[in-house]
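Trainee: Structure file start.cif (mmCIF, C-alpha atoms) right here:
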```cif
data_start
loop_
_atom_site.label_atom_id
_atom_site.label_comp_id
_atom_site.auth_asym_id
_atom_site.auth_seq_id
_atom_site.Cartn_x
_atom_site.Cartn_y
_atom_site.Cartn_z
CA MET A 29 -207.50 -6.98 -111.93
CA GLY A 30 -204.32 -6.55 -109.89
CA ARG A 31 -203.92 -7.90 -106.38
CA MET A 32 -204.93 -5.39 -103.71
CA GLU A 33 -202.37 -4.69 -100.99
CA PRO A 34 -203.33 -5.64 -97.43
CA LEU A 35 -204.98 -2.89 -95.40
CA ALA A 36 -201.96 -2.54 -93.10
CA GLU A 37 -199.76 -1.82 -96.11
CA ARG A 38 -202.20 0.64 -97.68
CA LEU A 39 -202.44 2.61 -94.44
CA ARG A 40 -198.72 2.68 -93.74
CA PRO A 41 -197.91 6.19 -92.40
CA ARG A 42 -196.49 8.64 -94.93
CA SER A 43 -194.85 10.94 -92.38
CA LEU A 44 -193.74 10.94 -88.77
CA ASP A 45 -196.87 12.91 -87.92
CA GLU A 46 -198.99 9.89 -88.88
CA VAL A 47 -197.01 7.45 -86.73
CA LEU A 48 -198.95 6.47 -83.61
CA GLY A 49 -197.73 5.27 -80.25
CA GLN A 50 -194.10 6.43 -80.31
CA PRO A 51 -194.10 10.09 -79.19
CA HIS A 52 -190.78 9.61 -77.37
CA LEU A 53 -189.18 9.09 -80.81
CA THR A 54 -191.40 10.97 -83.26
CA GLY A 55 -192.72 13.85 -81.15
CA PRO A 56 -191.40 17.43 -81.31
CA ARG A 57 -188.38 16.52 -79.15
CA GLY A 58 -188.04 12.92 -80.35
CA LEU A 59 -184.60 11.87 -81.55
CA LEU A 60 -185.84 10.39 -84.81
CA ARG A 61 -187.61 13.63 -85.70
CA ARG A 62 -184.49 15.61 -84.86
CA MET A 63 -182.43 13.32 -87.11
CA LEU A 64 -184.77 14.01 -90.01
CA GLU A 65 -184.78 17.74 -89.37
CA SER A 66 -180.97 17.79 -89.43
CA ARG A 67 -180.87 15.26 -92.33
CA ARG A 68 -178.21 13.32 -90.43
CA LEU A 69 -179.22 9.71 -90.00
CA ALA A 70 -177.25 7.51 -87.60
CA SER A 71 -177.10 3.72 -87.79
CA MET A 72 -179.53 2.28 -85.27
CA VAL A 73 -181.62 -0.62 -84.04
CA LEU A 74 -185.38 -0.27 -83.56
CA PHE A 75 -186.53 -2.90 -81.09
CA GLY A 76 -189.97 -3.65 -79.78
CA PRO A 77 -193.00 -5.94 -80.14
CA PRO A 78 -194.51 -6.79 -83.55
CA GLY A 79 -196.79 -4.25 -85.16
CA THR A 80 -195.28 -1.17 -83.52
CA GLY A 81 -193.91 0.49 -86.67
CA LYS A 82 -190.29 -0.61 -87.06
CA THR A 83 -190.45 -1.07 -90.85
CA THR A 84 -192.51 2.09 -91.30
CA LEU A 85 -190.04 4.22 -89.36
CA ALA A 86 -187.11 2.81 -91.30
CA ARG A 87 -188.73 3.72 -94.62
CA LEU A 88 -189.67 7.22 -93.44
CA LEU A 89 -186.15 7.86 -92.19
CA ALA A 90 -184.58 6.78 -95.49
CA GLU A 91 -187.03 8.92 -97.48
CA GLY A 92 -186.46 11.86 -95.15
CA VAL A 93 -182.72 11.94 -95.77
CA GLY A 94 -183.06 11.18 -99.48
CA LYS A 95 -181.14 7.90 -99.50
CA PRO A 96 -181.95 4.68 -101.38
CA PHE A 97 -183.63 2.07 -99.19
CA LEU A 98 -182.91 -1.66 -99.26
CA HIS A 99 -184.98 -4.06 -97.12
CA ILE A 100 -183.59 -7.52 -96.45
CA SER A 101 -184.39 -10.14 -93.81
CA ALA A 102 -181.60 -11.58 -91.69
CA VAL A 103 -183.52 -14.86 -91.61
CA GLU A 104 -182.88 -15.38 -95.34
CA ALA A 105 -179.86 -13.17 -96.05
CA GLY A 106 -176.17 -13.86 -95.57
CA LEU A 107 -172.74 -12.55 -96.56
CA LYS A 108 -173.71 -12.64 -100.24
CA GLU A 109 -176.58 -10.19 -99.67
CA VAL A 110 -174.35 -7.93 -97.58
CA ARG A 111 -171.79 -7.77 -100.41
CA GLN A 112 -174.56 -6.99 -102.91
CA ALA A 113 -175.82 -4.21 -100.66
CA VAL A 114 -172.31 -2.75 -100.43
CA GLU A 115 -171.91 -2.81 -104.22
CA ARG A 116 -175.24 -1.06 -104.71
CA ALA A 117 -174.27 1.53 -102.08
CA ARG A 118 -171.05 2.26 -103.96
CA ARG A 119 -172.95 2.72 -107.21
CA GLU A 120 -175.57 5.00 -105.65
CA GLY A 121 -173.36 6.96 -103.27
CA GLY A 122 -174.76 5.50 -100.06
CA LEU A 123 -177.63 3.35 -98.91
CA VAL A 124 -179.96 2.80 -95.96
CA LEU A 125 -179.91 -0.94 -95.28
CA PHE A 126 -182.96 -2.08 -93.33
CA LEU A 127 -182.12 -5.43 -91.78
CA ASP A 128 -185.20 -7.10 -90.34
CA GLU A 129 -184.64 -9.64 -87.55
CA VAL A 130 -181.12 -8.25 -87.18
CA HIS A 131 -180.46 -10.49 -84.17
CA ARG A 132 -180.41 -13.50 -86.54
CA PHE A 133 -177.10 -12.39 -88.12
CA ASN A 134 -174.17 -14.39 -86.79
CA LYS A 135 -170.84 -12.88 -85.74
CA ALA A 136 -169.23 -13.18 -89.20
CA GLN A 137 -172.21 -11.53 -90.86
CA GLN A 138 -172.26 -8.73 -88.28
CA ASP A 139 -168.51 -8.19 -88.68
CA ALA A 140 -168.96 -7.85 -92.45
CA LEU A 141 -171.05 -4.72 -91.86
CA LEU A 142 -168.54 -2.94 -89.62
CA PRO A 143 -166.18 -1.29 -92.14
CA HIS A 144 -169.06 0.01 -94.24
CA LEU A 145 -170.82 1.50 -91.21
CA GLU A 146 -167.53 3.06 -90.16
CA SER A 147 -167.01 4.64 -93.59
CA GLY A 148 -170.62 5.82 -93.82
CA LEU A 149 -171.22 3.91 -97.03
CA LEU A 150 -174.04 1.99 -95.31
CA THR A 151 -176.49 3.35 -92.80
CA LEU A 152 -177.90 0.36 -90.96
CA ILE A 153 -181.38 0.30 -89.48
CA GLY A 154 -181.87 -3.00 -87.72
CA ALA A 155 -185.23 -4.23 -86.45
CA THR A 156 -185.87 -6.87 -83.84
CA ALA A 157 -188.39 -7.93 -81.25
CA GLU A 158 -185.52 -9.26 -79.11
CA ASN A 159 -183.23 -7.47 -76.70
CA PRO A 160 -180.37 -6.42 -79.01
CA ALA A 161 -177.92 -6.30 -76.12
CA PHE A 162 -177.93 -10.11 -75.97
CA GLU A 163 -177.63 -10.89 -79.67
CA LEU A 164 -175.39 -8.25 -81.26
CA THR A 165 -171.61 -8.24 -80.96
CA PRO A 166 -169.96 -5.50 -78.87
CA ALA A 167 -168.24 -4.17 -82.01
CA LEU A 168 -171.55 -3.71 -83.83
CA ARG A 169 -173.36 -2.37 -80.76
CA SER A 170 -170.73 0.35 -80.34
CA ARG A 171 -171.61 1.71 -83.80
CA LEU A 172 -175.37 1.79 -83.27
CA ARG A 173 -178.01 3.82 -81.47
CA PHE A 174 -180.82 1.86 -79.82
CA PHE A 175 -184.43 3.02 -79.86
CA PRO A 176 -187.19 1.07 -78.05
CA LEU A 177 -190.67 1.00 -79.57
CA ARG A 178 -193.71 0.61 -77.34
CA PRO A 179 -196.87 -1.45 -77.92
CA LEU A 180 -199.67 0.82 -79.10
CA SER A 181 -202.19 1.78 -76.46
CA GLU A 182 -205.85 0.89 -76.82
CA THR A 183 -206.54 4.58 -77.54
CA ASP A 184 -203.94 4.61 -80.34
CA LEU A 185 -205.42 1.45 -81.85
CA LEU A 186 -208.95 2.88 -81.74
CA THR A 187 -207.69 5.96 -83.57
CA LEU A 188 -206.03 3.77 -86.18
CA LEU A 189 -209.09 1.57 -86.69
CA LYS A 190 -211.39 4.57 -87.14
CA LYS A 191 -208.95 6.05 -89.63
CA ALA A 192 -208.98 2.76 -91.57
CA LEU A 193 -212.76 3.05 -91.88
CA THR A 194 -212.71 6.63 -93.17
CA ASP A 195 -209.45 7.03 -95.09
CA PRO A 196 -209.78 6.65 -98.90
CA ARG A 197 -206.87 4.21 -98.80
CA GLY A 198 -208.69 2.04 -96.28
CA LEU A 199 -212.27 0.82 -96.02
CA PRO A 200 -214.33 4.02 -96.32
CA GLY A 201 -218.07 3.69 -95.87
CA THR A 202 -217.96 0.37 -94.04
CA PRO A 203 -220.62 0.38 -91.30
CA TYR A 204 -219.18 -0.24 -87.86
CA GLU A 205 -220.03 -0.34 -84.17
CA GLU A 206 -217.90 1.50 -81.62
CA GLY A 207 -218.01 -1.47 -79.25
CA ALA A 208 -216.66 -3.76 -81.96
CA LEU A 209 -213.66 -1.49 -82.49
CA ARG A 210 -212.99 -1.42 -78.74
CA LEU A 211 -213.13 -5.21 -78.64
CA LEU A 212 -210.64 -5.44 -81.49
CA ALA A 213 -208.32 -2.84 -79.94
CA GLN A 214 -208.28 -4.83 -76.71
CA ALA A 215 -207.64 -8.15 -78.43
CA ALA A 216 -204.80 -6.77 -80.59
CA GLY A 217 -202.48 -6.42 -77.60
CA GLY A 218 -200.71 -3.33 -78.94
CA ASP A 219 -200.08 -4.78 -82.42
CA ALA A 220 -201.26 -2.38 -85.15
CA ARG A 221 -200.68 -4.83 -87.99
CA PHE A 222 -202.79 -7.51 -86.31
CA ALA A 223 -205.55 -4.99 -85.60
CA LEU A 224 -205.72 -3.81 -89.22
CA ASN A 225 -205.55 -7.29 -90.72
CA THR A 226 -208.35 -8.45 -88.44
CA LEU A 227 -210.42 -5.36 -89.23
CA GLU A 228 -210.07 -6.07 -92.95
CA LEU A 229 -211.31 -9.62 -92.46
CA ALA A 230 -214.23 -8.46 -90.27
CA ALA A 231 -215.19 -5.84 -92.89
CA SER A 232 -215.40 -8.57 -95.54
CA PHE A 233 -218.61 -9.72 -93.82
CA GLY A 234 -220.18 -6.39 -94.84
CA ARG A 235 -220.29 -4.75 -91.42
CA VAL A 236 -217.83 -4.36 -88.53
CA ASP A 237 -219.86 -5.37 -85.50
CA GLU A 238 -219.00 -7.55 -82.51
CA GLU A 239 -220.12 -10.69 -84.31
CA SER A 240 -217.93 -10.09 -87.36
CA VAL A 241 -214.96 -9.11 -85.17
CA ARG A 242 -215.34 -12.30 -83.11
CA GLU A 243 -215.53 -14.29 -86.34
CA ALA A 244 -212.40 -12.61 -87.67
CA LEU A 245 -210.49 -13.10 -84.45
CA GLY A 246 -211.30 -16.79 -84.29
CA SER A 247 -213.22 -18.75 -81.71
CA GLU A 248 -210.24 -19.16 -79.36
CA ARG A 249 -209.85 -15.40 -78.90
CA PHE A 250 -213.54 -15.03 -78.04
CA ALA A 251 -212.89 -16.78 -74.75
CA MET A 252 -211.35 -13.51 -73.62
CA ASP A 253 -214.63 -11.71 -74.22
CA ARG A 254 -217.36 -14.18 -73.28
CA GLY A 255 -219.51 -12.97 -70.43
CA GLY A 256 -217.94 -9.50 -70.61
CA ASP A 257 -214.41 -10.69 -69.69
CA HIS A 258 -212.29 -8.51 -71.95
CA PHE A 259 -208.63 -9.17 -72.59
CA TYR A 260 -207.36 -6.49 -70.23
CA ASP A 261 -209.72 -7.65 -67.49
CA LEU A 262 -207.98 -11.02 -67.58
CA VAL A 263 -204.55 -9.43 -67.70
CA SER A 264 -205.49 -7.22 -64.75
CA ALA A 265 -206.71 -10.25 -62.82
CA LEU A 266 -203.45 -12.09 -63.54
CA HIS A 267 -201.31 -9.15 -62.42
CA LYS A 268 -203.33 -8.56 -59.24
CA SER A 269 -203.33 -12.26 -58.36
CA LEU A 270 -199.54 -12.37 -58.71
CA ARG A 271 -199.23 -9.21 -56.62
CA GLY A 272 -201.56 -10.67 -54.01
CA SER A 273 -199.51 -13.92 -53.78
CA HIS A 274 -202.47 -16.14 -54.83
CA VAL A 275 -200.66 -18.78 -56.85
CA ASP A 276 -203.76 -20.76 -57.89
CA ALA A 277 -205.61 -17.70 -59.20
CA SER A 278 -202.44 -16.63 -61.02
CA LEU A 279 -202.21 -19.97 -62.81
CA TYR A 280 -205.93 -19.95 -63.64
CA TYR A 281 -205.81 -16.53 -65.31
CA LEU A 282 -202.56 -17.35 -67.10
CA ALA A 283 -204.20 -20.51 -68.49
CA ARG A 284 -207.32 -18.55 -69.51
CA LEU A 285 -205.20 -16.06 -71.42
CA LEU A 286 -203.02 -18.65 -73.15
CA LYS A 287 -205.98 -20.84 -74.12
CA ALA A 288 -207.81 -17.77 -75.43
CA GLY A 289 -204.98 -17.01 -77.85
CA ALA A 290 -203.16 -14.18 -76.03
CA ASP A 291 -199.64 -13.59 -77.31
CA PRO A 292 -197.31 -15.43 -74.87
CA ARG A 293 -194.64 -12.80 -75.48
CA TYR A 294 -197.00 -10.11 -74.22
CA LEU A 295 -197.68 -12.19 -71.10
CA ALA A 296 -193.95 -12.70 -70.63
CA ARG A 297 -193.46 -8.93 -70.66
CA ARG A 298 -196.23 -8.59 -68.08
CA LEU A 299 -194.44 -11.11 -65.83
CA ILE A 300 -191.26 -9.05 -66.14
CA ARG A 301 -193.23 -5.97 -65.11
CA VAL A 302 -194.58 -7.78 -62.02
CA ALA A 303 -191.03 -8.82 -61.09
CA ALA A 304 -189.76 -5.24 -61.29
CA GLU A 305 -192.79 -3.40 -59.94
CA ASP A 306 -194.33 -5.69 -57.31
CA VAL A 307 -191.61 -8.13 -56.21
CA GLY A 308 -188.76 -5.69 -56.63
CA LEU A 309 -185.91 -5.89 -54.15
CA ALA A 310 -187.82 -8.19 -51.83
CA ASP A 311 -186.39 -10.89 -54.15
CA PRO A 312 -183.81 -9.50 -56.62
CA LEU A 313 -183.67 -12.87 -58.43
CA ALA A 314 -187.30 -12.58 -59.54
CA LEU A 315 -186.47 -10.16 -62.35
CA ARG A 316 -183.73 -12.44 -63.65
CA LEU A 317 -186.08 -15.42 -63.63
CA ALA A 318 -188.85 -13.50 -65.42
CA VAL A 319 -186.45 -12.35 -68.16
CA ALA A 320 -185.12 -15.91 -68.47
CA ALA A 321 -188.69 -17.20 -68.87
CA LYS A 322 -189.26 -14.83 -71.79
CA GLU A 323 -186.02 -15.95 -73.44
CA ALA A 324 -186.90 -19.61 -72.86
CA TYR A 325 -190.29 -19.15 -74.51
CA GLU A 326 -188.70 -17.43 -77.50
CA ALA A 327 -186.25 -20.33 -77.84
CA LEU A 328 -188.85 -23.09 -77.54
CA GLY A 329 -192.10 -21.57 -78.78
CA SER A 330 -195.53 -23.03 -77.95
CA PRO A 331 -196.52 -25.21 -76.27
CA GLU A 332 -193.23 -26.26 -74.64
CA GLY A 333 -192.08 -22.72 -73.92
CA GLU A 334 -195.29 -21.94 -72.05
CA LEU A 335 -193.98 -23.99 -69.11
CA ALA A 336 -191.28 -21.36 -68.62
CA LEU A 337 -194.00 -18.74 -68.20
CA VAL A 338 -195.83 -21.02 -65.77
CA GLU A 339 -192.65 -21.48 -63.72
CA ALA A 340 -192.11 -17.73 -63.60
CA ALA A 341 -195.73 -17.11 -62.60
CA ILE A 342 -195.52 -19.59 -59.70
CA TYR A 343 -192.24 -18.06 -58.53
CA LEU A 344 -193.58 -14.50 -58.69
CA ALA A 345 -196.78 -15.41 -56.87
CA LEU A 346 -194.88 -17.09 -54.04
CA ALA A 347 -192.12 -14.47 -53.82
CA PRO A 348 -192.14 -11.77 -51.09
CA LYS A 349 -193.47 -8.47 -52.39
CA SER A 350 -192.14 -4.92 -52.31
CA ASN A 351 -192.93 -1.88 -54.43
CA SER A 352 -190.11 0.13 -52.84
CA VAL A 353 -188.28 0.48 -56.17
CA TYR A 354 -191.41 1.73 -57.91
CA ALA A 355 -192.24 4.13 -55.07
CA ALA A 356 -188.65 5.39 -54.84
CA TRP A 357 -188.57 6.10 -58.55
CA GLN A 358 -191.83 8.03 -58.41
CA ARG A 359 -190.38 10.18 -55.62
CA ALA A 360 -187.12 10.62 -57.54
CA GLU A 361 -188.97 11.78 -60.66
CA ALA A 362 -191.01 14.22 -58.58
CA ALA A 363 -187.85 15.58 -56.94
CA ALA A 364 -186.10 15.96 -60.31
CA LYS A 365 -189.14 17.79 -61.69
CA ALA A 366 -189.34 20.09 -58.65
CA HIS A 367 -185.60 20.85 -58.62
CA PRO A 368 -184.41 20.52 -62.23
CA GLU A 369 -181.55 22.98 -61.90
CA ALA A 370 -180.14 22.15 -58.45
CA PRO A 371 -176.35 22.46 -58.83
CA VAL A 372 -174.21 19.35 -58.37
CA PRO A 373 -171.73 19.85 -55.48
CA LEU A 374 -168.35 20.92 -56.84
CA HIS A 375 -166.43 17.96 -55.42
CA LEU A 376 -168.75 15.52 -57.28
CA ARG A 377 -168.42 17.20 -60.67
CA ASN A 378 -166.38 15.83 -63.56
CA ALA A 379 -163.06 17.54 -64.22
CA PRO A 380 -161.92 16.51 -67.72
CA THR A 381 -160.19 19.82 -68.61
CA PRO A 382 -157.79 22.24 -66.90
CA LEU A 383 -160.52 24.88 -66.89
CA ALA A 384 -162.89 22.56 -65.04
CA LYS A 385 -160.18 21.84 -62.48
CA ALA A 386 -159.48 25.55 -62.09
CA LEU A 387 -163.17 26.08 -61.36
CA GLY A 388 -162.94 23.57 -58.53
CA HIS A 389 -164.56 20.57 -60.17
CA GLY A 390 -163.62 17.41 -58.29
CA ARG A 391 -161.57 19.28 -55.68
CA GLY A 392 -161.71 17.68 -52.24
CA TYR A 393 -163.53 14.56 -53.34
CA ALA A 394 -163.03 11.74 -50.81
CA TYR A 395 -162.61 8.37 -52.54
CA TYR A 396 -164.55 5.84 -50.47
CA HIS A 397 -162.03 3.00 -50.78
CA GLU A 398 -159.19 5.22 -49.54
CA ASP A 399 -161.02 7.47 -47.07
CA LYS A 400 -164.27 5.99 -45.78
CA GLU A 401 -164.74 8.61 -43.06
CA GLY A 402 -164.12 11.43 -45.52
CA SER A 403 -166.55 9.84 -47.95
CA PHE A 404 -169.33 9.86 -45.37
CA ALA A 405 -168.48 13.41 -44.34
CA GLN A 406 -168.93 14.93 -47.80
CA ALA A 407 -172.23 16.12 -49.28
CA TYR A 408 -173.82 14.17 -52.13
CA LEU A 409 -177.11 15.95 -52.72
CA PRO A 410 -177.36 19.53 -54.02
CA GLU A 411 -177.60 22.35 -51.52
CA GLY A 412 -181.13 22.66 -50.24
CA LEU A 413 -181.93 18.98 -50.76
CA GLU A 414 -179.99 17.65 -47.78
CA GLY A 415 -181.94 14.93 -46.03
CA LEU A 416 -183.96 13.98 -49.12
CA ARG A 417 -185.26 10.41 -48.64
CA LEU A 418 -186.47 8.54 -51.69
CA TYR A 419 -185.91 4.82 -51.08
CA GLU A 420 -187.46 3.04 -48.11
CA ALA A 421 -186.80 -0.67 -47.63
CA THR A 422 -189.77 -2.81 -46.63
CA GLY A 423 -189.77 -5.73 -44.23
CA GLU A 424 -190.20 -8.27 -47.03
CA GLY A 425 -187.57 -10.79 -48.12
CA TRP A 426 -184.15 -9.41 -49.04
CA GLU A 427 -185.17 -5.90 -48.01
CA GLU A 428 -185.67 -7.05 -44.43
CA ARG A 429 -181.95 -7.78 -44.34
CA VAL A 430 -180.91 -4.44 -45.84
CA ARG A 431 -183.31 -2.26 -43.84
CA GLU A 432 -180.99 -2.09 -40.84
CA ARG A 433 -177.98 -1.30 -43.06
CA LEU A 434 -179.93 1.49 -44.76
CA LYS A 435 -180.89 2.89 -41.36
CA ALA A 436 -177.27 2.77 -40.16
CA LEU A 437 -175.99 4.43 -43.33
CA ARG A 438 -178.47 7.31 -43.06
CA GLU A 439 -177.59 7.83 -39.41
CA ARG A 440 -173.92 7.91 -40.33
CA PHE A 441 -174.52 10.52 -43.05
CA ARG A 442 -176.55 12.63 -40.61
CA ALA A 443 -173.82 12.40 -37.98
CA THR A 444 -171.19 13.88 -40.31
CA PRO A 445 -170.61 17.66 -40.18
#
```
For the file at hand, write its structure as structure tokens.
Mentor:
Amino acid sequence: MGRMEPLAERLRPRSLDEVLGQPHLTGPRGLLRRMLESRRLASMVLFGPPGTGKTTLARLLAEGVGKPFLHISAVEAGLKEVRQAVERARREGGLVLFLDEVHRFNKAQQDALLPHLESGLLTLIGATAENPAFELTPALRSRLRFFPLRPLSETDLLTLLKKALTDPRGLPGTPYEEGALRLLAQAAGGDARFALNTLELAASFGRVDEESVREALGSERFAMDRGGDHFYDLVSALHKSLRGSHVDASLYYLARLLKAGADPRYLARRLIRVAAEDVGLADPLALRLAVAAKEAYEALGSPEGELALVEAAIYLALAPKSNSVYAAWQRAEAAAKAHPEAPVPLHLRNAPTPLAKALGHGRGYAYYHEDKEGSFAQAYLPEGLEGLRLYEATGEGWEERVRERLKALRERFRATP
């Protein structure tokens, strides 16, 4: 009897319509869907956390444009494998090369791809959980499109788990409890592969209930659910303790999560979110430190790298707090939605052609460094939106210092005719 494929492989989506969690890419207006509809596939990098569908999307894209698909891992491959891929592409009239962990390729290996991407012989789809801007050379980046993938929501994971228990390719007929699926969806942290692999193990006990899910997850992960403390309750407590500047509570919940088996990379992303959303411009260095902590963990791994997360958590808890960036962006999005067609003032428009210049684009623009008074005297917002105020500095940290400058600038704009 042949070896059965893992559940995650058996349930791999067969079309973009089956892909969950990435509507910004696969929905009716998503760029990946539009590429398939036009049958014109650009070289790209798909980047995001594990279990979000990078390999699946690469395969669907290659199938959708009718090109051969070659999957290699940058961890194991080198220049030899690149040359072999090029030779196969020449024989078959083109090839989609899926390069997993693309950030592991060094400069020489990345440079070897360039002429074949330029000629169109190879269409590269790279996949990485890292930020590609830090690892790929400028020459390679300039030839690629970048598409971020998001962790799956708990709702998406519940949908996937229920499908696995009813789909003929999955585990049809397996008895299950709704609460057990919710527990698993919470513990998976947005990772579809982990959720399905754990479900398959839980189902091997004959029934998917909370006991079998806890057994499949392992005793360490149960610490997140004992006494009703679900994973996202602990994450919420960590975030709110950081926001509330309670350093001891922040460290306690961070330790609970790490000891319970939470993915440190997920927690690192949460720290970055706190830095951007809750510390904000009260301490502009907080975001840099949070990103550095994530990179340090990825370089060191556990347990040494966890100290970088601890350092970031202490810094964020003690930092002054401001949500002015978050609030300003919400107001900006609302204004853009309410006034989507407000015309850009003529003097601010681009004038790349003689026709644009003849229409008045760019005419009368006052360049700040040459004419400060003229710069303040000209309009920047569309007609009808004069006086729109989106950003308000708080009295916390760095923003306390810029609040007076912001006030003076707005008064100066108001004073101009």
Trainee: For range 59-62 of chain A, please output as JSON, numbers by chain all residues within 10 Å (counting only C-alpha atoms; exclusion window: fewer than 2 positions along the same chain).
Mentor: {"A": [44, 45, 51, 52, 53, 54, 55, 56, 57, 64, 65, 66, 67, 68, 69, 70, 85, 88, 89, 92, 175]}
Trainee: Could you write out the selected residues, including C-alpha atoms, as a PDB file, in the coordinates of the input?
Mentor:
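Written out: again24.pdb:
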```pdb
ATOM      1  CA  LEU A  44    -193.740  10.940 -88.770  1.00  0.00           C
ATOM      2  CA  ASP A  45    -196.870  12.910 -87.920  1.00  0.00           C
ATOM      3  CA  PRO A  51    -194.100  10.090 -79.190  1.00  0.00           C
ATOM      4  CA  HIS A  52    -190.780   9.610 -77.370  1.00  0.00           C
ATOM      5  CA  LEU A  53    -189.180   9.090 -80.810  1.00  0.00           C
ATOM      6  CA  THR A  54    -191.400  10.970 -83.260  1.00  0.00           C
ATOM      7  CA  GLY A  55    -192.720  13.850 -81.150  1.00  0.00           C
ATOM      8  CA  PRO A  56    -191.400  17.430 -81.310  1.00  0.00           C
ATOM      9  CA  ARG A  57    -188.380  16.520 -79.150  1.00  0.00           C
ATOM     10  CA  LEU A  64    -184.770  14.010 -90.010  1.00  0.00           C
ATOM     11  CA  GLU A  65    -184.780  17.740 -89.370  1.00  0.00           C
ATOM     12  CA  SER A  66    -180.970  17.790 -89.430  1.00  0.00           C
ATOM     13  CA  ARG A  67    -180.870  15.260 -92.330  1.00  0.00           C
ATOM     14  CA  ARG A  68    -178.210  13.320 -90.430  1.00  0.00           C
ATOM     15  CA  LEU A  69    -179.220   9.710 -90.000  1.00  0.00           C
ATOM     16  CA  ALA A  70    -177.250   7.510 -87.600  1.00  0.00           C
ATOM     17  CA  LEU A  85    -190.040   4.220 -89.360  1.00  0.00           C
ATOM     18  CA  LEU A  88    -189.670   7.220 -93.440  1.00  0.00           C
ATOM     19  CA  LEU A  89    -186.150   7.860 -92.190  1.00  0.00           C
ATOM     20  CA  GLY A  92    -186.460  11.860 -95.150  1.00  0.00           C
ATOM     21  CA  PHE A 175    -184.430   3.020 -79.860  1.00  0.00           C
TER      22      PHE A 175
END
```
Trainee: When the PyMOL selection byres ((chain A and resi 112-114) around 12) is applied to the file above, which residues end up in the set, as a ChimeraX atom specification?
Mentor: /A:96-100,105-111,115-127,140-145,147-152
Trainee: Using C-alpha atoms, can you write the selected residues to a file as a PDB file, in the coordinates of the input?
Mentor:
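Okay, this is what ended up in selection06.pdb:
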```pdb
ATOM      1  CA  PRO A  96    -181.950   4.680-101.380  1.00  0.00           C
ATOM      2  CA  PHE A  97    -183.630   2.070 -99.190  1.00  0.00           C
ATOM      3  CA  LEU A  98    -182.910  -1.660 -99.260  1.00  0.00           C
ATOM      4  CA  HIS A  99    -184.980  -4.060 -97.120  1.00  0.00           C
ATOM      5  CA  ILE A 100    -183.590  -7.520 -96.450  1.00  0.00           C
ATOM      6  CA  ALA A 105    -179.860 -13.170 -96.050  1.00  0.00           C
ATOM      7  CA  GLY A 106    -176.170 -13.860 -95.570  1.00  0.00           C
ATOM      8  CA  LEU A 107    -172.740 -12.550 -96.560  1.00  0.00           C
ATOM      9  CA  LYS A 108    -173.710 -12.640-100.240  1.00  0.00           C
ATOM     10  CA  GLU A 109    -176.580 -10.190 -99.670  1.00  0.00           C
ATOM     11  CA  VAL A 110    -174.350  -7.930 -97.580  1.00  0.00           C
ATOM     12  CA  ARG A 111    -171.790  -7.770-100.410  1.00  0.00           C
ATOM     13  CA  GLU A 115    -171.910  -2.810-104.220  1.00  0.00           C
ATOM     14  CA  ARG A 116    -175.240  -1.060-104.710  1.00  0.00           C
ATOM     15  CA  ALA A 117    -174.270   1.530-102.080  1.00  0.00           C
ATOM     16  CA  ARG A 118    -171.050   2.260-103.960  1.00  0.00           C
ATOM     17  CA  ARG A 119    -172.950   2.720-107.210  1.00  0.00           C
ATOM     18  CA  GLU A 120    -175.570   5.000-105.650  1.00  0.00           C
ATOM     19  CA  GLY A 121    -173.360   6.960-103.270  1.00  0.00           C
ATOM     20  CA  GLY A 122    -174.760   5.500-100.060  1.00  0.00           C
ATOM     21  CA  LEU A 123    -177.630   3.350 -98.910  1.00  0.00           C
ATOM     22  CA  VAL A 124    -179.960   2.800 -95.960  1.00  0.00           C
ATOM     23  CA  LEU A 125    -179.910  -0.940 -95.280  1.00  0.00           C
ATOM     24  CA  PHE A 126    -182.960  -2.080 -93.330  1.00  0.00           C
ATOM     25  CA  LEU A 127    -182.120  -5.430 -91.780  1.00  0.00           C
ATOM     26  CA  ALA A 140    -168.960  -7.850 -92.450  1.00  0.00           C
ATOM     27  CA  LEU A 141    -171.050  -4.720 -91.860  1.00  0.00           C
ATOM     28  CA  LEU A 142    -168.540  -2.940 -89.620  1.00  0.00           C
ATOM     29  CA  PRO A 143    -166.180  -1.290 -92.140  1.00  0.00           C
ATOM     30  CA  HIS A 144    -169.060   0.010 -94.240  1.00  0.00           C
ATOM     31  CA  LEU A 145    -170.820   1.500 -91.210  1.00  0.00           C
ATOM     32  CA  SER A 147    -167.010   4.640 -93.590  1.00  0.00           C
ATOM     33  CA  GLY A 148    -170.620   5.820 -93.820  1.00  0.00           C
ATOM     34  CA  LEU A 149    -171.220   3.910 -97.030  1.00  0.00           C
ATOM     35  CA  LEU A 150    -174.040   1.990 -95.310  1.00  0.00           C
ATOM     36  CA  THR A 151    -176.490   3.350 -92.800  1.00  0.00           C
ATOM     37  CA  LEU A 152    -177.900   0.360 -90.960  1.00  0.00           C
TER      38      LEU A 152
END
```
Trainee: Using the chain letters and numbers from the file, give me the residues hit by the PyMOL selection byres ((chain A and resi 232) around 12), as JSON, numbers by chain.
Mentor: {"A": [35, 199, 202, 203, 204, 225, 226, 227, 228, 229, 230, 231, 233, 234, 235, 236, 237, 240, 241, 243, 244]}
Trainee: Could you give me, as a list of chain:residue names, the residues within 12 Å of range 434-441 of chain A, counting only C-alpha atoms and dropping anything in the same chain fewer than 4 positions from it?
Mentor: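 Non-adjacent residues within range: A:Lys400, A:Glu401, A:Gly402, A:Ser403, A:Phe404, A:Ala405, A:Gln406, A:Ala407, A:Tyr408, A:Leu409, A:Glu414, A:Gly415, A:Leu416, A:Arg417, A:Leu418, A:Tyr419, A:Glu420, A:Ala421, A:Thr422, A:Glu427, A:Glu428, A:Arg429, A:Val430, A:Pro445.
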